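Inspection log for the structure reproduced underneath, given as structure tokens.
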Amino acid sequence: MRESDDDGGCRVTPAREALRQRADYTHRFNAVTGRHGWLRLTPAYSVKIVEELLGGVTGRRRVLDPFCGTATTALCAARHGHDAVTTDVNPFLVWFGRTKTAHHRPATIAAARRAGHEALRLVAHDAVELAAAPPIHRIERWWSPDTLRFLRGLLAAVEATTPEGGQERDLLRVAFCRTLIGLSSAAFDHQSMSFRDGGPPAAGDPAARFAADLQFVLRGAAENPEGRADVVLGDARDLPAAVTEPVDLVITSPPYANRMSYVRELRPYMYWLGYLANGRDAGELDWTAIGGTWGIATSRLGDWTRDAQRFEDPMLDQAVARIAAHDARSGPLLATYVTKYVDDMWLHLQSLRALLVPGATVHYIVGNSTFYGVLLPVERLYATMLERLGFTEIACRPVRKRNSKKALIEFDVTARWR
């Protein structure tokens with residue numbers, strides 16, 4: 001394979017074959033791959049990409065993913081016998097990542113199975129006081145009254161039959177999350193979560209669904225990884241505050257510059273499990289995330305100004321100016337969003353350097369974006385930032401088409417630390 005000429009600081013590696021959308025490089029592959037299929041985060045990158053990147057690695061590595069998501073990289077690295085560390089600002093994802101990457105003993109799995117059966121018995125006999133309904137806006141769009149009552153009883157029964165802070169409760173809560181989304185009107189046939197036409201579906205036998213979900217979760221729990229994974233609450237813009245040991249390999253898929261709110265996608269789980277109490281909490285959390293613009297985060301974006309550590313580049317300036325000029329009302333706000341996204345990633349990459357050993361390799365799986373038809377060459381911006389920070393051997397490998405639009409592509413932006 002021969003690399004092409006430089007393109008904005010990024011040597012573009014031609015694809016071996018014509019780019020396709022590659023469903024196996026999305027959550028669809030994860031859904032049938034043990035623990036990786038426990039919960040869906042829309043959008044999610046595939047464990048298959050991580051597997052391929054780890055396939056050529058020799059020796060035991062210390063692998064970092066600064067953007068944990070559902071802990072795809074951390075679990076995959078641990079399964080290959082590596083030591084992994086991953087960070088996220090979202091406490092729900094930290095909890096889920098820890099549960100997903102933990103070692104679960106056979107006795108724990110057996111206890112969780114017994115607790116699940118007992119929980120269903122309590123619900124069937126109305127022998128538990130219902131948990132409070134989550135304060136989700138227009139909750140009737142999500143679940144029918146009968147389904148909502150079942151879920152309230154099930155959550156209360158899970159907490160009544162498992163010890164607080166124990167792995168048994170964690171595993172049952174993961175199964176509960178699968179059930180609540182499976183019984184909801186949520187649809188995943190678009191880039192972000194939406195609603196099915198016709199309102200909440202008929203629940204069928206919700207107890208049978210939970211029993212099946214619990215069986216699926218416990219089957220995955222029995223497949224313990226060989227290596228270790230640490231899941232840490234932390235901000236990717238200040239990695240040394242959360243991660244103390246050096247790393248020699250980074251594999252991550254950061255938020256894309258597409259205004260996708262991960263808090264919005266996760267809100268049903270987070271409300272039910274108590275990680276969110278109201279919409280303002282959701283907006284506050286989204287504001288702390290890179291690329292978040294949901295709720296109050298949008299209004300704060302209008303008042304945001306760049307600081308002294310900003311990233312300056314003509315390529316960014318030209319794209320931002322075209323976006324701002326396209327629409328008098330929304331253009332300037334979207335231009336600010338793009339600028340803040342790039343500045344936040346600039347802070348992240350600066351902080352990353354303190355953790356890398358000489359010769360460390362980084363892989364950023366990231367897609368480009370369009371705003372009003374203006375192409376934002378995210379992969380070239382990443383490459384330029386890496387080059388300015390002293391990285392070498394920088395290249396951009398096209399991975400897949402993201403949808404039917406030819407311009408939208410996912411890349412592996414890779415580099416080596418000097």
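Letters for chains follow the order of the structure tokens (A, B, ...), residue numbers begin at 1 for each chain, and ligand numbers begin at 1 in the order shown.
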
Running DSSP on the backbone, which parts of range 97-146 of chain A land in helix (DSSP H, G or I), as a list in words? Gly97, Arg98, Thr99, Lys100, Thr101, Pro106, Ala107, Thr108, Ile109, Ala110, Ala111, Ala112, Arg113, Arg114, Ala115, Gly116, His117, Glu118, Ala119, Leu120, Arg121, Leu122, Val123, Ala124, Ile139, Glu140, Arg141, Pro145 and Asp146 of chain A

Quick one: everything within 8 Å of range 153-163 of chain A, counting only C-alpha atoms, minus sequence neighbours fewer than 2 positions away in the same chain. Send it as a list of chain:residue names.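 Skipping anything fewer than 2 positions along the chain leaves A:Ala112, A:Ala115, A:Gly116, A:Glu118, A:Ala119, A:Leu120, A:Leu122, A:Val123, A:Asp126, A:Val128, A:Glu129, A:Leu130, A:Ala131, A:Arg149, A:Phe150, A:Leu151, A:Gly165, A:Gly166, A:Glu168, A:Arg169, A:Leu172, A:Arg173, A:Phe176.
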
Can you work out the spacing between CA of Gly295 in chain A and CA of Ser46 in chain A in Å, to one decimal?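 Spanning CA of Gly295 in chain A to CA of Ser46 in chain A is a straight-line distance of 28.6 Å.
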
CA of Leu64 in chain A to CA of Val243 in chain A measures 9.2 Å

One number please: CA of Ala71 in chain A to CA of Thr101 in chain A, in Å, one decimal. 7.6 Å

List as a count of residues only the protein and nucleic acid residues near Ser369 in chain A, meaning an atom at most 7 Å away when only C-alpha atoms are counted, but skip any in the same chain fewer than 4 places from it. 5

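Here the question is which of A:Ala84, A:Val374, A:Met193, A:Ala277 gets nearest to Ala324 in chain A using only C-alpha atoms, and that residue is A:Val374.
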
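Within the 7 Å cut-off around Thr179 in chain A, using only C-alpha atoms and omitting residues fewer than 6 positions from it on the same chain, the listed residues are A:Arg209, A:Phe210, A:Asp213.
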
Close residues, Ser351 in chain A itself excluded, 12 Å, only C-alpha atoms, min 5 positions apart in chain, as a list of chain:residue names: A:Pro66, A:Asp235, A:Ala236, A:Arg237, A:Asp238, A:Leu239, A:Pro240, A:Ala241, A:Ala242, A:Val243, A:Gln309, A:Asp344, A:Met345, A:Trp346, A:Leu356, A:Leu386, A:Leu389

Identify, on the basis of only C-alpha atoms, every residue whose closest approach to Glu284 in chain A does not exceed 7 Å; exclude the query and any residue fewer than 3 positions from it along the same chain; express the result as an NGL selection string. :A and (280-281 or 287-288 or 296-297)

Counting only C-alpha atoms, the residue among A:Glu51, A:Arg35, A:Ile136, A:Thr370 that lies closest to Leu276 in chain A is A:Ile136
